[in-house]
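Heads up, the thing below is written out as structure tokens.
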Amino acid sequence: MTNELNQLRGQFNEQITSNKSLLILRDDYVAHVNSKKTKKSLTPSEVQEHIITMIGGSTNAAKFLDWVCPDSFEASNLNESLVGVVTQLRDLLASKL
């Protein structure tokens, strides 16, 4: 892996792991189905609360979704979206095969 792509991967990994609501939602609802803390399934309103916090406290998810994958992905800067970075890493790995 190139040093530049490795650094970029690290930056996106840091952004993902620093998003506590994303991690809590993953741990409590996606990975374990039950909250570790309460030992009960999260309610729909609790899930919604985590999602709103995860996307920056707004009910408009456009900025978060553009960070994940912009509408005009092909014309976007691949270093600025999660899908762009994953695409670059995939292409680099494919070129090594």
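If you're wondering about the labels, chains in the structure tokens are A, B, ... by order shown, residues count from 1 in each chain, ligands from 1 in order shown.
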Fewer than 2 positions away in the same chain doesn't count, so skip those; otherwise give me all residues within 12 Å of Leu82 in chain A, counting only C-alpha atoms, as a compact mmCIF listing (two decimals) with N, CA and C atoms, in the first residue's frame.
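Listing of out.txt after writing:
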```
# COMPACT_ATOMS: atom_id res chain seq x y z
N LEU A 8 -4.37 8.23 4.17
CA LEU A 8 -5.76 8.57 3.91
C LEU A 8 -6.70 7.56 4.55
N ARG A 9 -6.38 6.28 4.45
CA ARG A 9 -7.17 5.23 5.09
C ARG A 9 -7.21 5.47 6.59
N GLY A 10 -6.07 5.82 7.16
CA GLY A 10 -6.00 6.09 8.59
C GLY A 10 -6.86 7.27 9.01
N GLN A 11 -6.91 8.31 8.18
CA GLN A 11 -7.73 9.47 8.49
C GLN A 11 -9.22 9.09 8.50
N PHE A 12 -9.65 8.32 7.51
CA PHE A 12 -11.05 7.90 7.47
C PHE A 12 -11.35 6.95 8.62
N ASN A 13 -10.43 6.07 8.94
CA ASN A 13 -10.63 5.17 10.07
C ASN A 13 -10.78 5.97 11.37
N GLU A 14 -9.98 7.01 11.52
CA GLU A 14 -10.06 7.85 12.71
C GLU A 14 -11.41 8.56 12.78
N GLN A 15 -11.90 9.06 11.63
CA GLN A 15 -13.20 9.73 11.60
C GLN A 15 -14.31 8.76 11.99
N ILE A 16 -14.21 7.54 11.51
CA ILE A 16 -15.25 6.55 11.82
C ILE A 16 -15.19 6.16 13.29
N PHE A 64 -23.62 13.96 5.64
CA PHE A 64 -23.06 12.67 6.03
C PHE A 64 -23.06 11.70 4.85
N LEU A 65 -24.17 11.65 4.12
CA LEU A 65 -24.26 10.74 2.97
C LEU A 65 -23.30 11.14 1.87
N ASP A 66 -23.08 12.44 1.66
CA ASP A 66 -22.08 12.89 0.68
C ASP A 66 -20.68 12.48 1.11
N TRP A 67 -20.42 12.47 2.41
CA TRP A 67 -19.12 12.02 2.91
C TRP A 67 -18.96 10.52 2.64
N VAL A 68 -20.03 9.76 2.80
CA VAL A 68 -19.98 8.33 2.52
C VAL A 68 -19.82 8.11 1.02
N CYS A 69 -20.73 8.67 0.22
CA CYS A 69 -20.69 8.50 -1.23
C CYS A 69 -21.43 9.66 -1.89
N PRO A 70 -20.69 10.59 -2.50
CA PRO A 70 -21.33 11.75 -3.13
C PRO A 70 -22.22 11.33 -4.30
N PHE A 73 -20.32 10.78 -7.71
CA PHE A 73 -19.12 10.08 -7.25
C PHE A 73 -18.00 10.09 -8.29
N SER A 76 -16.18 13.31 -8.37
CA SER A 76 -15.73 13.83 -7.08
C SER A 76 -14.26 13.55 -6.84
N ASN A 77 -13.72 14.23 -5.84
CA ASN A 77 -12.36 13.97 -5.38
C ASN A 77 -12.41 12.68 -4.56
N LEU A 78 -11.74 11.64 -5.04
CA LEU A 78 -11.80 10.33 -4.38
C LEU A 78 -11.24 10.35 -2.97
N ASN A 79 -10.45 11.36 -2.65
CA ASN A 79 -9.87 11.45 -1.30
C ASN A 79 -10.84 12.04 -0.29
N GLU A 80 -12.03 12.47 -0.73
CA GLU A 80 -12.94 13.16 0.17
C GLU A 80 -14.19 12.37 0.55
N GLY A 84 -14.79 6.70 -2.08
CA GLY A 84 -13.62 7.04 -2.90
C GLY A 84 -12.35 6.41 -2.38
N VAL A 85 -12.16 6.46 -1.07
CA VAL A 85 -10.96 5.87 -0.46
C VAL A 85 -10.99 4.35 -0.60
N VAL A 86 -12.14 3.75 -0.36
CA VAL A 86 -12.26 2.29 -0.49
C VAL A 86 -12.01 1.88 -1.95
N THR A 87 -12.53 2.65 -2.89
CA THR A 87 -12.32 2.36 -4.32
C THR A 87 -10.84 2.41 -4.67
N GLN A 88 -10.14 3.41 -4.17
CA GLN A 88 -8.70 3.51 -4.44
C GLN A 88 -7.94 2.33 -3.83
N LEU A 89 -8.30 1.96 -2.61
CA LEU A 89 -7.64 0.82 -1.97
C LEU A 89 -7.92 -0.47 -2.74
```
Measuring between only C-alpha atoms, which one of A:Lys63, A:Ser58, A:Leu23, A:Ser18 shows the shortest distance to Ser81 in chain A? A:Lys63
Nearest candidate to Ile51 in chain A (options A:Leu92, A:Ala75, A:Lys37, A:Lys20; using only C-alpha atoms):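 The shortest atom-to-atom distance to Ile51 in chain A comes from A:Lys20.
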Can you check which residues of chain A DSSP gives as helix (DSSP H, G or I) on the backbone and send them as a ChimeraX atom specification? /A:3-17,20-31,44-54,62-68,73-75,78-80,82-96
Counting only C-alpha atoms, what is within 9 Å of Ile52 in chain A, bar same-chain residues fewer than 6 positions away, as an NGL selection string? :A and (21 or 58-61)
Quick one: distance from CA of Gln48 in chain A to CA of Val83 in chain A in Å, one decimal?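 Between CA of Gln48 in chain A and CA of Val83 in chain A the gap is 23.8 Å.
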